[in-house]
file query-v3.cif (mmCIF, C-alpha atoms)
data_protein
#
loop_
_atom_site.label_atom_id
_atom_site.label_comp_id
_atom_site.auth_asym_id
_atom_site.auth_seq_id
_atom_site.Cartn_x
_atom_site.Cartn_y
_atom_site.Cartn_z
CA MET A 1 -149.62 -68.20 -41.00
CA LEU A 2 -148.18 -64.95 -39.68
CA LYS A 3 -144.65 -63.94 -40.59
CA ASN A 4 -141.82 -65.00 -38.21
CA SER A 5 -143.70 -65.11 -34.92
CA THR A 6 -140.47 -65.08 -32.88
CA MET A 7 -139.91 -61.40 -33.59
CA ILE A 8 -142.71 -58.92 -34.14
CA HIS A 9 -142.29 -55.83 -36.26
CA VAL A 10 -145.01 -53.35 -35.32
CA GLU A 11 -145.79 -50.16 -37.21
CA ILE A 12 -147.92 -47.21 -36.14
CA ILE A 13 -149.68 -45.08 -38.75
CA SER A 14 -151.09 -41.80 -37.47
CA ILE A 15 -153.52 -40.12 -39.87
CA GLY A 16 -154.29 -36.41 -39.71
CA ASP A 17 -153.27 -33.14 -41.37
CA GLU A 18 -153.46 -31.51 -37.93
CA LEU A 19 -150.56 -33.72 -36.83
CA LEU A 20 -148.41 -32.76 -39.80
CA ILE A 21 -148.84 -28.99 -39.39
CA GLY A 22 -148.23 -29.14 -35.65
CA GLN A 23 -151.74 -28.09 -34.69
CA THR A 24 -152.09 -31.28 -32.65
CA ILE A 25 -149.21 -33.12 -30.97
CA ASN A 26 -149.08 -36.82 -31.79
CA THR A 27 -149.37 -38.15 -28.23
CA ASN A 28 -151.07 -41.32 -29.51
CA ALA A 29 -147.92 -42.77 -31.06
CA SER A 30 -145.89 -42.01 -27.93
CA TRP A 31 -148.42 -43.63 -25.62
CA MET A 32 -148.82 -46.66 -27.86
CA GLY A 33 -145.06 -47.16 -28.09
CA THR A 34 -144.74 -47.12 -24.31
CA GLN A 35 -147.60 -49.52 -23.72
CA LEU A 36 -146.46 -51.93 -26.39
CA ALA A 37 -142.88 -51.92 -25.06
CA ASP A 38 -144.15 -52.66 -21.56
CA ASN A 39 -145.78 -55.76 -23.01
CA GLY A 40 -142.73 -56.96 -24.88
CA ILE A 41 -143.73 -55.58 -28.28
CA LYS A 42 -141.26 -53.31 -30.04
CA VAL A 43 -142.38 -50.62 -32.47
CA SER A 44 -140.15 -50.60 -35.55
CA TYR A 45 -141.77 -47.78 -37.56
CA VAL A 46 -143.99 -44.76 -36.97
CA ALA A 47 -145.56 -42.93 -39.91
CA THR A 48 -147.56 -39.70 -39.73
CA ILE A 49 -149.55 -39.05 -42.89
CA SER A 50 -152.18 -36.71 -44.28
CA ASP A 51 -155.92 -37.32 -44.64
CA SER A 52 -155.63 -38.21 -48.31
CA TRP A 53 -156.42 -41.35 -50.26
CA ASP A 54 -152.95 -41.67 -51.77
CA ALA A 55 -151.16 -41.11 -48.46
CA ILE A 56 -153.23 -43.66 -46.57
CA SER A 57 -153.15 -46.25 -49.34
CA GLY A 58 -149.39 -45.83 -49.80
CA ALA A 59 -148.73 -46.13 -46.07
CA LEU A 60 -150.73 -49.36 -45.90
CA GLN A 61 -148.80 -50.79 -48.83
CA ASP A 62 -145.43 -49.85 -47.31
CA ALA A 63 -146.37 -51.32 -43.94
CA GLN A 64 -147.59 -54.56 -45.52
CA GLY A 65 -144.10 -55.25 -46.83
CA ARG A 66 -142.21 -54.76 -43.58
CA SER A 67 -144.45 -55.19 -40.53
CA GLN A 68 -146.44 -57.95 -38.94
CA VAL A 69 -148.75 -55.63 -37.04
CA VAL A 70 -149.95 -52.25 -38.29
CA LEU A 71 -151.82 -50.00 -35.85
CA ILE A 72 -153.72 -47.15 -37.50
CA THR A 73 -155.27 -44.16 -35.71
CA GLY A 74 -157.41 -41.36 -37.08
CA GLY A 75 -159.84 -40.63 -39.87
CA LEU A 76 -162.82 -42.58 -38.50
CA GLY A 77 -165.18 -39.69 -37.78
CA PRO A 78 -168.55 -39.20 -39.46
CA THR A 79 -167.55 -36.14 -41.54
CA LYS A 80 -166.56 -36.06 -45.21
CA ASP A 81 -162.85 -35.56 -44.51
CA ASP A 82 -162.70 -38.88 -42.63
CA ILE A 83 -161.91 -41.32 -45.42
CA THR A 84 -159.98 -44.07 -43.63
CA LYS A 85 -162.79 -46.63 -43.87
CA GLN A 86 -163.20 -46.05 -47.59
CA VAL A 87 -159.47 -46.53 -48.19
CA LEU A 88 -159.48 -49.67 -46.05
CA CYS A 89 -162.34 -51.07 -48.10
CA ALA A 90 -160.39 -50.53 -51.30
CA TYR A 91 -157.20 -51.97 -49.83
CA PHE A 92 -158.89 -55.10 -48.51
CA ASN A 93 -161.19 -55.43 -51.52
CA THR A 94 -164.38 -55.22 -49.51
CA THR A 95 -167.39 -52.94 -49.08
CA LEU A 96 -169.03 -51.01 -46.27
CA VAL A 97 -171.98 -52.73 -44.62
CA LEU A 98 -174.30 -51.72 -41.81
CA ASP A 99 -173.42 -53.49 -38.57
CA GLU A 100 -176.59 -53.68 -36.48
CA GLN A 101 -174.72 -54.19 -33.22
CA VAL A 102 -172.60 -51.10 -33.84
CA LEU A 103 -175.72 -49.14 -34.81
CA HIS A 104 -177.41 -50.15 -31.57
CA HIS A 105 -174.29 -49.09 -29.67
CA VAL A 106 -174.21 -45.71 -31.42
CA GLU A 107 -177.89 -45.12 -30.71
CA SER A 108 -177.51 -46.05 -27.05
CA PHE A 109 -174.47 -43.78 -26.81
CA PHE A 110 -176.59 -40.74 -27.69
CA ILE A 111 -179.58 -41.86 -25.62
CA LYS A 112 -177.45 -42.20 -22.48
CA ARG A 113 -176.14 -38.68 -22.97
CA ASN A 114 -179.56 -37.24 -23.81
CA ARG A 115 -178.22 -35.89 -27.10
CA PRO A 116 -179.89 -35.99 -30.52
CA MET A 117 -178.47 -38.48 -32.98
CA LEU A 118 -177.96 -36.99 -36.43
CA GLU A 119 -178.23 -38.96 -39.64
CA VAL A 120 -174.49 -38.52 -40.17
CA ASN A 121 -173.79 -40.31 -36.90
CA LYS A 122 -175.32 -43.49 -38.32
CA LEU A 123 -172.36 -43.65 -40.68
CA GLN A 124 -170.30 -44.83 -37.72
CA ALA A 125 -172.20 -48.14 -37.95
CA MET A 126 -170.98 -48.68 -41.52
CA VAL A 127 -167.91 -50.92 -41.36
CA PRO A 128 -165.86 -52.90 -43.89
CA GLU A 129 -167.49 -56.30 -44.33
CA SER A 130 -164.22 -58.23 -44.02
CA CYS A 131 -163.14 -56.71 -40.70
CA GLU A 132 -163.69 -57.94 -37.18
CA VAL A 133 -165.35 -55.18 -35.19
CA LEU A 134 -163.76 -54.11 -31.89
CA PHE A 135 -166.48 -52.44 -29.84
CA ASN A 136 -165.61 -49.04 -28.47
CA ASP A 137 -167.41 -48.33 -25.20
CA GLN A 138 -165.80 -44.88 -25.02
CA GLY A 139 -167.14 -43.51 -28.31
CA THR A 140 -169.13 -44.18 -31.45
CA ALA A 141 -166.39 -45.23 -33.88
CA PRO A 142 -165.51 -48.93 -33.50
CA GLY A 143 -162.08 -50.39 -33.94
CA MET A 144 -161.54 -52.70 -36.92
CA TRP A 145 -159.26 -55.74 -37.11
CA PHE A 146 -158.06 -57.05 -40.50
CA GLU A 147 -155.56 -59.71 -41.59
CA LYS A 148 -153.94 -59.85 -44.99
CA ASN A 149 -151.01 -61.96 -46.22
CA GLY A 150 -149.70 -62.55 -42.70
CA THR A 151 -150.05 -58.97 -41.49
CA ILE A 152 -152.54 -57.76 -38.88
CA PHE A 153 -154.04 -54.30 -39.44
CA VAL A 154 -156.00 -52.58 -36.67
CA SER A 155 -157.77 -49.28 -37.32
CA MET A 156 -158.77 -47.17 -34.31
CA PRO A 157 -160.16 -43.68 -33.68
CA GLY A 158 -157.68 -40.85 -33.22
CA VAL A 159 -159.39 -39.61 -30.06
CA PRO A 160 -156.79 -40.52 -27.40
CA TYR A 161 -159.06 -41.94 -24.71
CA GLU A 162 -160.96 -44.03 -27.27
CA MET A 163 -157.74 -45.38 -28.78
CA LYS A 164 -156.38 -46.19 -25.30
CA TYR A 165 -159.53 -48.10 -24.41
CA LEU A 166 -159.32 -50.22 -27.57
CA MET A 167 -155.60 -50.86 -27.11
CA GLU A 168 -155.95 -51.92 -23.49
CA THR A 169 -159.20 -53.87 -23.89
CA HIS A 170 -158.77 -55.51 -27.29
CA VAL A 171 -155.50 -55.00 -29.12
CA ILE A 172 -152.77 -55.72 -26.59
CA PRO A 173 -154.54 -58.76 -25.10
CA ARG A 174 -155.04 -60.26 -28.57
CA LEU A 175 -151.43 -59.63 -29.61
CA SER A 176 -150.24 -61.17 -26.35
CA GLU A 177 -152.27 -64.30 -27.12
CA ARG A 178 -151.13 -64.45 -30.72
CA PHE A 179 -147.39 -64.02 -30.24
CA PRO A 180 -144.91 -65.63 -27.80
CA LEU A 181 -144.03 -62.41 -25.98
CA LYS A 182 -141.76 -61.83 -23.02
CA LYS A 183 -142.85 -58.82 -21.06
CA LEU A 184 -140.27 -56.05 -21.03
CA VAL A 185 -138.92 -55.33 -17.56
CA GLN A 186 -137.51 -51.88 -16.97
CA ARG A 187 -136.64 -49.33 -14.33
CA THR A 188 -136.00 -45.64 -14.85
CA TYR A 189 -133.60 -43.60 -12.72
CA LEU A 190 -133.71 -39.81 -12.75
CA THR A 191 -130.64 -37.59 -12.74
CA GLN A 192 -130.20 -33.83 -12.49
CA GLY A 193 -127.33 -31.43 -12.98
CA ILE A 194 -125.17 -33.43 -15.38
CA GLY A 195 -125.29 -33.47 -19.17
CA GLU A 196 -125.78 -36.62 -21.21
CA SER A 197 -122.20 -36.90 -22.47
CA PHE A 198 -120.66 -36.20 -19.04
CA LEU A 199 -123.04 -38.69 -17.47
CA ALA A 200 -122.10 -41.36 -20.00
CA ASP A 201 -118.43 -40.77 -19.21
CA ARG A 202 -118.99 -41.00 -15.45
CA ILE A 203 -120.96 -44.24 -15.55
CA GLY A 204 -119.14 -45.92 -18.45
CA GLU A 205 -117.84 -48.90 -16.47
CA TRP A 206 -121.25 -49.42 -14.83
CA GLU A 207 -122.94 -49.30 -18.24
CA ASN A 208 -120.50 -51.83 -19.70
CA GLN A 209 -121.21 -54.27 -16.87
CA LEU A 210 -124.94 -53.79 -17.34
CA ARG A 211 -124.78 -54.50 -21.07
CA GLU A 212 -122.53 -57.54 -20.53
CA GLU A 213 -125.39 -59.07 -18.57
CA GLY A 214 -127.76 -58.65 -21.51
CA LEU A 215 -129.52 -55.51 -20.25
CA ASP A 216 -130.15 -52.36 -22.27
CA LEU A 217 -129.64 -48.75 -21.22
CA ALA A 218 -131.33 -45.71 -22.76
CA TYR A 219 -130.38 -42.08 -22.14
CA LEU A 220 -133.44 -39.82 -22.22
CA PRO A 221 -132.33 -36.17 -21.86
CA SER A 222 -134.46 -33.09 -21.26
CA PRO A 223 -133.61 -29.59 -19.95
CA GLY A 224 -131.87 -29.94 -16.60
CA MET A 225 -132.18 -33.71 -16.31
CA VAL A 226 -131.43 -37.07 -17.92
CA LYS A 227 -133.48 -40.22 -17.40
CA LEU A 228 -131.64 -43.53 -17.45
CA ARG A 229 -133.86 -46.46 -18.39
CA ILE A 230 -132.56 -49.95 -17.70
CA SER A 231 -134.50 -52.66 -19.50
CA SER A 232 -134.50 -56.42 -19.94
CA SER A 233 -136.27 -58.01 -22.87
CA SER A 234 -135.94 -61.39 -21.16
CA GLY A 235 -137.96 -60.25 -18.16
CA ASN A 236 -135.06 -60.37 -15.68
CA GLN A 237 -136.40 -58.02 -13.01
CA GLU A 238 -133.80 -59.10 -10.43
CA ARG A 239 -130.84 -57.93 -12.56
CA VAL A 240 -132.57 -54.70 -13.53
CA ASN A 241 -133.12 -53.92 -9.85
CA TYR A 242 -129.53 -54.85 -8.97
CA PHE A 243 -127.96 -52.01 -10.94
CA GLY A 244 -130.04 -49.17 -9.49
CA PRO A 245 -128.42 -49.00 -6.04
CA LEU A 246 -124.98 -49.16 -7.68
CA LEU A 247 -125.84 -46.11 -9.77
CA LYS A 248 -127.08 -44.16 -6.75
CA GLU A 249 -123.91 -44.97 -4.87
CA MET A 250 -121.77 -43.88 -7.81
CA ILE A 251 -123.37 -40.46 -8.44
CA PRO A 252 -125.48 -39.56 -5.38
CA VAL A 253 -125.36 -35.85 -6.19
CA HIS A 254 -127.17 -36.45 -9.47
CA VAL A 255 -129.53 -39.43 -8.96
CA TYR A 256 -132.59 -38.02 -7.25
CA GLY A 257 -135.42 -40.48 -7.90
CA GLU A 258 -137.05 -43.23 -9.90
CA GLU A 259 -139.79 -43.67 -12.49
CA GLU A 260 -142.12 -40.63 -12.52
CA GLU A 261 -140.99 -38.96 -9.29
CA THR A 262 -140.41 -35.22 -9.45
CA LEU A 263 -137.78 -33.33 -7.50
CA ALA A 264 -140.54 -31.46 -5.70
CA GLU A 265 -142.02 -34.78 -4.56
CA VAL A 266 -138.66 -36.14 -3.43
CA VAL A 267 -137.80 -32.98 -1.49
CA GLY A 268 -141.29 -32.84 0.00
CA LYS A 269 -141.06 -36.41 1.33
CA LEU A 270 -137.70 -35.66 2.93
CA LEU A 271 -138.95 -32.49 4.61
CA GLU A 272 -142.16 -34.09 5.81
CA ALA A 273 -140.33 -37.09 7.25
CA ARG A 274 -138.01 -34.77 9.18
CA LYS A 275 -140.80 -32.40 10.14
CA GLU A 276 -138.81 -29.51 8.65
CA THR A 277 -139.99 -26.53 6.63
CA VAL A 278 -138.85 -24.65 3.56
CA GLY A 279 -139.31 -21.19 2.06
CA THR A 280 -137.99 -19.35 -0.97
CA VAL A 281 -136.66 -15.92 -1.89
CA GLU A 282 -136.80 -15.58 -5.68
CA SER A 283 -135.65 -13.04 -8.19
CA CYS A 284 -135.08 -14.41 -11.72
CA THR A 285 -137.53 -17.31 -11.30
CA GLY A 286 -140.39 -14.99 -10.35
CA GLY A 287 -142.18 -17.51 -8.13
CA ALA A 288 -141.60 -20.60 -10.30
CA LEU A 289 -139.64 -22.33 -7.55
CA MET A 290 -142.43 -21.84 -5.01
CA ALA A 291 -145.02 -22.92 -7.59
CA ASN A 292 -143.06 -26.13 -8.12
CA LEU A 293 -142.88 -26.87 -4.41
CA THR A 294 -146.58 -26.19 -3.84
CA SER A 295 -147.68 -28.25 -6.87
CA ILE A 296 -147.51 -31.30 -4.60
CA SER A 297 -150.62 -32.26 -2.66
CA GLY A 298 -149.97 -31.92 1.06
CA SER A 299 -147.11 -29.45 0.60
CA SER A 300 -148.66 -27.14 3.21
CA ALA A 301 -147.14 -29.49 5.80
CA TYR A 302 -143.64 -28.26 4.98
CA VAL A 303 -143.88 -25.18 2.72
CA LEU A 304 -144.38 -21.98 4.72
CA GLY A 305 -144.18 -19.41 1.94
CA GLY A 306 -141.96 -17.40 -0.34
CA LEU A 307 -140.82 -13.91 -1.22
CA ILE A 308 -140.63 -12.66 -4.79
CA THR A 309 -137.97 -9.95 -4.72
CA TYR A 310 -137.57 -9.10 -8.38
CA SER A 311 -136.39 -5.55 -7.74
CA ASN A 312 -133.45 -4.44 -5.62
CA GLU A 313 -135.84 -2.38 -3.52
CA LEU A 314 -137.81 -5.47 -2.51
CA LYS A 315 -134.64 -7.46 -1.93
CA MET A 316 -133.79 -4.85 0.71
CA LYS A 317 -137.32 -4.34 2.04
CA LEU A 318 -138.52 -7.96 2.20
CA ALA A 319 -135.32 -10.01 2.55
CA ASN A 320 -133.15 -7.47 4.40
CA VAL A 321 -130.41 -7.40 1.75
CA LYS A 322 -128.02 -4.53 2.50
CA SER A 323 -127.84 -1.66 0.03
CA ASP A 324 -124.04 -1.75 0.27
CA THR A 325 -124.08 -5.40 -0.84
CA LEU A 326 -126.16 -4.61 -3.91
CA GLU A 327 -124.04 -1.57 -4.79
CA SER A 328 -120.74 -3.41 -4.34
CA PHE A 329 -121.53 -6.80 -5.83
CA GLY A 330 -124.80 -6.44 -7.76
CA ALA A 331 -128.07 -8.37 -7.53
CA VAL A 332 -126.60 -11.42 -9.25
CA SER A 333 -123.82 -12.34 -6.86
CA GLU A 334 -122.90 -14.78 -4.15
CA GLU A 335 -123.02 -12.07 -1.52
CA THR A 336 -126.55 -11.03 -2.47
CA VAL A 337 -128.03 -14.53 -2.59
CA PHE A 338 -126.48 -15.30 0.79
CA GLU A 339 -128.21 -12.29 2.29
CA MET A 340 -131.46 -13.13 0.48
CA ALA A 341 -131.39 -16.63 1.96
CA SER A 342 -130.52 -15.59 5.50
CA GLY A 343 -132.91 -12.63 5.46
CA GLY A 344 -135.69 -14.75 4.04
CA LYS A 345 -135.09 -17.47 6.60
CA GLU A 346 -135.48 -14.94 9.40
CA VAL A 347 -138.62 -13.41 7.91
CA LEU A 348 -140.29 -16.70 6.99
CA GLY A 349 -139.19 -18.68 10.03
CA THR A 350 -138.24 -21.78 8.03
CA ASP A 351 -135.67 -24.52 8.62
CA TRP A 352 -134.49 -24.24 5.02
CA THR A 353 -134.55 -21.24 2.71
CA ILE A 354 -133.58 -21.26 -0.97
CA SER A 355 -132.66 -18.01 -2.72
CA VAL A 356 -132.07 -17.48 -6.43
CA SER A 357 -130.91 -14.48 -8.41
CA GLY A 358 -129.84 -14.45 -12.04
CA ILE A 359 -130.00 -12.99 -15.52
CA ALA A 360 -132.67 -14.96 -17.36
CA GLY A 361 -132.27 -12.90 -20.55
CA PRO A 362 -132.27 -12.39 -23.37
CA LEU A 363 -131.46 -8.83 -22.22
CA GLY A 364 -129.35 -7.68 -19.30
CA GLY A 365 -126.12 -9.65 -19.63
CA SER A 366 -122.55 -8.35 -19.54
CA GLU A 367 -119.08 -9.72 -20.18
CA GLU A 368 -118.63 -10.37 -16.46
CA LYS A 369 -122.14 -11.75 -15.97
CA PRO A 370 -123.49 -13.13 -19.26
CA VAL A 371 -127.13 -14.03 -19.84
CA GLY A 372 -127.90 -17.29 -18.07
CA THR A 373 -125.76 -16.52 -15.02
CA VAL A 374 -127.56 -17.68 -11.87
CA TRP A 375 -126.58 -17.79 -8.22
CA ILE A 376 -128.37 -20.16 -5.86
CA ALA A 377 -127.97 -20.20 -2.09
CA ILE A 378 -129.43 -22.42 0.62
CA ASP A 379 -129.54 -21.49 4.28
CA GLY A 380 -130.18 -24.58 6.38
CA PRO A 381 -130.16 -25.59 10.05
CA ASN A 382 -126.38 -25.96 10.20
CA ARG A 383 -124.80 -24.14 7.27
CA LYS A 384 -125.18 -22.00 4.18
CA ILE A 385 -124.03 -22.98 0.70
CA SER A 386 -124.01 -21.26 -2.66
CA ARG A 387 -123.31 -22.18 -6.26
CA LYS A 388 -122.97 -20.28 -9.50
CA PHE A 389 -124.36 -21.62 -12.78
CA LEU A 390 -124.39 -20.66 -16.45
CA PHE A 391 -127.64 -21.90 -18.01
CA GLY A 392 -127.48 -20.34 -21.49
CA SER A 393 -129.41 -17.65 -23.31
CA ASP A 394 -132.94 -19.10 -23.43
CA ARG A 395 -135.10 -17.42 -20.80
CA HIS A 396 -137.59 -20.22 -20.29
CA ARG A 397 -134.85 -22.84 -20.13
CA THR A 398 -132.86 -20.80 -17.60
CA VAL A 399 -135.86 -20.52 -15.27
CA GLN A 400 -136.66 -24.22 -15.67
CA MET A 401 -133.10 -25.33 -14.98
CA THR A 402 -132.76 -22.94 -12.04
CA VAL A 403 -135.81 -24.49 -10.36
CA LEU A 404 -134.59 -28.06 -10.90
CA THR A 405 -131.06 -27.26 -9.80
CA ALA A 406 -132.20 -25.43 -6.66
CA LEU A 407 -134.41 -28.34 -5.63
CA ASN A 408 -131.64 -30.87 -6.20
CA LEU A 409 -129.20 -28.77 -4.17
CA LEU A 410 -131.73 -28.73 -1.35
CA ARG A 411 -132.12 -32.52 -1.61
CA CYS A 412 -128.37 -32.98 -1.33
CA GLU A 413 -128.15 -30.65 1.66
CA ILE A 414 -130.98 -32.39 3.50
CA LEU A 415 -129.33 -35.78 2.93
CA GLY A 416 -125.85 -34.50 3.77
CA ILE A 417 -124.49 -35.28 0.30
CA ASN A 418 -121.28 -33.34 -0.35
CA ILE A 419 -121.69 -31.16 -3.41
CA GLU A 420 -118.04 -30.11 -3.21
CA LYS A 421 -118.69 -26.40 -3.35
CA LYS A 422 -118.04 -23.41 -1.17
CA GLN A 423 -119.83 -23.29 2.16
CA ASP A 424 -119.71 -21.14 5.28
#

call {"tool": "encode", "arguments": {"input": "query-v3.cif", "output": "structure tokens"}}
result
Amino acid sequence: MLKNSTMIHVEIISIGDELLIGQTINTNASWMGTQLADNGIKVSYVATISDSWDAISGALQDAQGRSQVVLITGGLGPTKDDITKQVLCAYFNTTLVLDEQVLHHVESFFIKRNRPMLEVNKLQAMVPESCEVLFNDQGTAPGMWFEKNGTIFVSMPGVPYEMKYLMETHVIPRLSERFPLKKLVQRTYLTQGIGESFLADRIGEWENQLREEGLDLAYLPSPGMVKLRISSSSGNQERVNYFGPLLKEMIPVHVYGEEEETLAEVVGKLLEARKETVGTVESCTGGALMANLTSISGSSAYVLGGLITYSNELKMKLANVKSDTLESFGAVSEETVFEMASGGKEVLGTDWTISVSGIAGPLGGSEEKPVGTVWIAIDGPNRKISRKFLFGSDRHRTVQMTVLTALNLLRCEILGINIEKKQD
């Protein structure tokens, strides 16, 4: 009998010195956690350990005492530093045996690719005698399924696409059959231009109502944006969907999309639907805004082009900014970005033009205009708007946040959402 089948405690063990020293990012654990959650299985622990006998053995022992399912990745290659199978044999009191079916699979793998099979590759067909083999059609190392004292252990290769194949084909279906799971239902809403704490304050009453109905809410912040994930462990899709429109109505300036949508995609769909065009005049972002817009397939339908006016000379020459404006107010000013936007709109012939000018840093700031100061202007069919921002001292972050903020301002202008800032 497996332990308490009404609630599953799942643990992920990622093996590899390269993960510990930061040489390789542990994307496996992240992907596995997402996929398991989508299928109603919650991960309780994640351990990243070295390729050593003691570390692997200790991790297995710790997991045995607290988890019902232990998913192990890494250390299954044919080289001498891959010792996971040997440790598993010791832990499960078994020995390695040659599996003829796995050997045939390994041989056919090399034949299909017209590659020589080395003697060391045959080691992949050696598996612990007590395991159930999970065939890996994406590689040579099979997955291995063990059960001990009510705990399931599954060992898989660390190669991401091989692990994903085994999880999707073997592991998740078997766990779904074994345990009475309710698939997790969730919806993610994307916000821009408001910090996590301010957002929580603004939507506090909405969040309380959501939680009173048995739903969960997660705040997932990153530079320039916060994702809000509503989830229901009872599979109540109707209630999850109910709260989304309420959120959009509450903070329309900040909610720009759902799930994996990007601001560039959202803006692109709006422009294409209206048969309108956009262009950019960039200083501190150095073309990053245009690169973001044109990263979307089909963007040529609405993106006409952009001007990179990093120097004052090119601001005057390409975007028709007046020399008096630059001398009186400086390159990073409302007056300058207004002229950049209007001049760029005339040159590019677009319906919408976004201009940005700022001090990305870490050099160049002053008491009046500290590093991170950015002005953004938009010249549209009916009006011009501008806003000033302070994005901090990190250069990369300032550029990233400028791009996101500029795109969200454009979205609001296209939709006629009042951003409550100066306009002319």

call {"tool": "residues_around", "arguments": {"input": "query-v3.cif", "residues": "Tyr302 of chain A", "least_positions_apart": "2", "cutoff": "12 Å", "atoms": "all atoms listed in the file", "output": "PyMOL selection string"}}
result
chain A and resi 264-265+267-279+290+293-294+296-300+304-305+349-353

call {"tool": "atom_distance", "arguments": {"input": "query-v3.cif", "atom1": "atom CA of Asp51 of chain A", "atom2": "atom CA of Asn93 of chain A"}}
result
20.1 Å

call {"tool": "residues_around", "arguments": {"input": "query-v3.cif", "residues": "Asp82 of chain A", "least_positions_apart": "2", "cutoff": "12 Å", "atoms": "all atoms listed in the file", "output": "PyMOL selection string"}}
result
chain A and resi 15-17+50-53+56+73-80+84-88+123-124+141+157-158

call {"tool": "write_last_selection", "arguments": {"input": "query-v3.cif", "atoms": "C-alpha atoms", "output": "compact mmCIF listing (two decimals), keeping the file's coordinate frame"}}
result
# COMPACT_ATOMS: atom_id res chain seq x y z
CA ILE A 15 -153.52 -40.12 -39.87
CA GLY A 16 -154.29 -36.41 -39.71
CA ASP A 17 -153.27 -33.14 -41.37
CA SER A 50 -152.18 -36.71 -44.28
CA ASP A 51 -155.92 -37.32 -44.64
CA SER A 52 -155.63 -38.21 -48.31
CA TRP A 53 -156.42 -41.35 -50.26
CA ILE A 56 -153.23 -43.66 -46.57
CA THR A 73 -155.27 -44.16 -35.71
CA GLY A 74 -157.41 -41.36 -37.08
CA GLY A 75 -159.84 -40.63 -39.87
CA LEU A 76 -162.82 -42.58 -38.50
CA GLY A 77 -165.18 -39.69 -37.78
CA PRO A 78 -168.55 -39.20 -39.46
CA THR A 79 -167.55 -36.14 -41.54
CA LYS A 80 -166.56 -36.06 -45.21
CA THR A 84 -159.98 -44.07 -43.63
CA LYS A 85 -162.79 -46.63 -43.87
CA GLN A 86 -163.20 -46.05 -47.59
CA VAL A 87 -159.47 -46.53 -48.19
CA LEU A 88 -159.48 -49.67 -46.05
CA LEU A 123 -172.36 -43.65 -40.68
CA GLN A 124 -170.30 -44.83 -37.72
CA ALA A 141 -166.39 -45.23 -33.88
CA PRO A 157 -160.16 -43.68 -33.68
CA GLY A 158 -157.68 -40.85 -33.22

call {"tool": "residues_around", "arguments": {"input": "query-v3.cif", "residues": "segment 394-405 of chain A", "least_positions_apart": "6", "cutoff": "9 Å", "atoms": "all atoms listed in the file", "output": "VMD selection string"}}
result
chain A and resid 192 to 193 223 to 225 263 to 264 284 to 286 288 to 290 292 356 358 to 362 371 to 376

call {"tool": "write_last_selection", "arguments": {"input": "query-v3.cif", "atoms": "C-alpha atoms", "output": "PDB file, in the frame of the given file"}}
result
ATOM      1  CA  GLN A 192    -130.200 -33.830 -12.490  1.00  0.00           C
ATOM      2  CA  GLY A 193    -127.330 -31.430 -12.980  1.00  0.00           C
ATOM      3  CA  PRO A 223    -133.610 -29.590 -19.950  1.00  0.00           C
ATOM      4  CA  GLY A 224    -131.870 -29.940 -16.600  1.00  0.00           C
ATOM      5  CA  MET A 225    -132.180 -33.710 -16.310  1.00  0.00           C
ATOM      6  CA  LEU A 263    -137.780 -33.330  -7.500  1.00  0.00           C
ATOM      7  CA  ALA A 264    -140.540 -31.460  -5.700  1.00  0.00           C
ATOM      8  CA  CYS A 284    -135.080 -14.410 -11.720  1.00  0.00           C
ATOM      9  CA  THR A 285    -137.530 -17.310 -11.300  1.00  0.00           C
ATOM     10  CA  GLY A 286    -140.390 -14.990 -10.350  1.00  0.00           C
ATOM     11  CA  ALA A 288    -141.600 -20.600 -10.300  1.00  0.00           C
ATOM     12  CA  LEU A 289    -139.640 -22.330  -7.550  1.00  0.00           C
ATOM     13  CA  MET A 290    -142.430 -21.840  -5.010  1.00  0.00           C
ATOM     14  CA  ASN A 292    -143.060 -26.130  -8.120  1.00  0.00           C
ATOM     15  CA  VAL A 356    -132.070 -17.480  -6.430  1.00  0.00           C
ATOM     16  CA  GLY A 358    -129.840 -14.450 -12.040  1.00  0.00           C
ATOM     17  CA  ILE A 359    -130.000 -12.990 -15.520  1.00  0.00           C
ATOM     18  CA  ALA A 360    -132.670 -14.960 -17.360  1.00  0.00           C
ATOM     19  CA  GLY A 361    -132.270 -12.900 -20.550  1.00  0.00           C
ATOM     20  CA  PRO A 362    -132.270 -12.390 -23.370  1.00  0.00           C
ATOM     21  CA  VAL A 371    -127.130 -14.030 -19.840  1.00  0.00           C
ATOM     22  CA  GLY A 372    -127.900 -17.290 -18.070  1.00  0.00           C
ATOM     23  CA  THR A 373    -125.760 -16.520 -15.020  1.00  0.00           C
ATOM     24  CA  VAL A 374    -127.560 -17.680 -11.870  1.00  0.00           C
ATOM     25  CA  TRP A 375    -126.580 -17.790  -8.220  1.00  0.00           C
ATOM     26  CA  ILE A 376    -128.370 -20.160  -5.860  1.00  0.00           C
TER      27      ILE A 376
END

call {"tool": "resolve_selection", "arguments": {"input": "query-v3.cif", "expression": "the PyMOL selection byres ((chain A and resi 166) around 8)", "output": "short mmCIF file (atom, residue, chain, number, x, y, z; two decimals) with C-alpha atoms, in the coordinates of the input"}}
result
data_model
loop_
_atom_site.label_atom_id
_atom_site.label_comp_id
_atom_site.auth_asym_id
_atom_site.auth_seq_id
_atom_site.Cartn_x
_atom_site.Cartn_y
_atom_site.Cartn_z
CA LEU A 134 -163.76 -54.11 -31.89
CA PHE A 135 -166.48 -52.44 -29.84
CA ASN A 136 -165.61 -49.04 -28.47
CA GLY A 143 -162.08 -50.39 -33.94
CA MET A 156 -158.77 -47.17 -34.31
CA GLU A 162 -160.96 -44.03 -27.27
CA MET A 163 -157.74 -45.38 -28.78
CA LYS A 164 -156.38 -46.19 -25.30
CA TYR A 165 -159.53 -48.10 -24.41
CA MET A 167 -155.60 -50.86 -27.11
CA GLU A 168 -155.95 -51.92 -23.49
CA THR A 169 -159.20 -53.87 -23.89
CA HIS A 170 -158.77 -55.51 -27.29
CA VAL A 171 -155.50 -55.00 -29.12
#
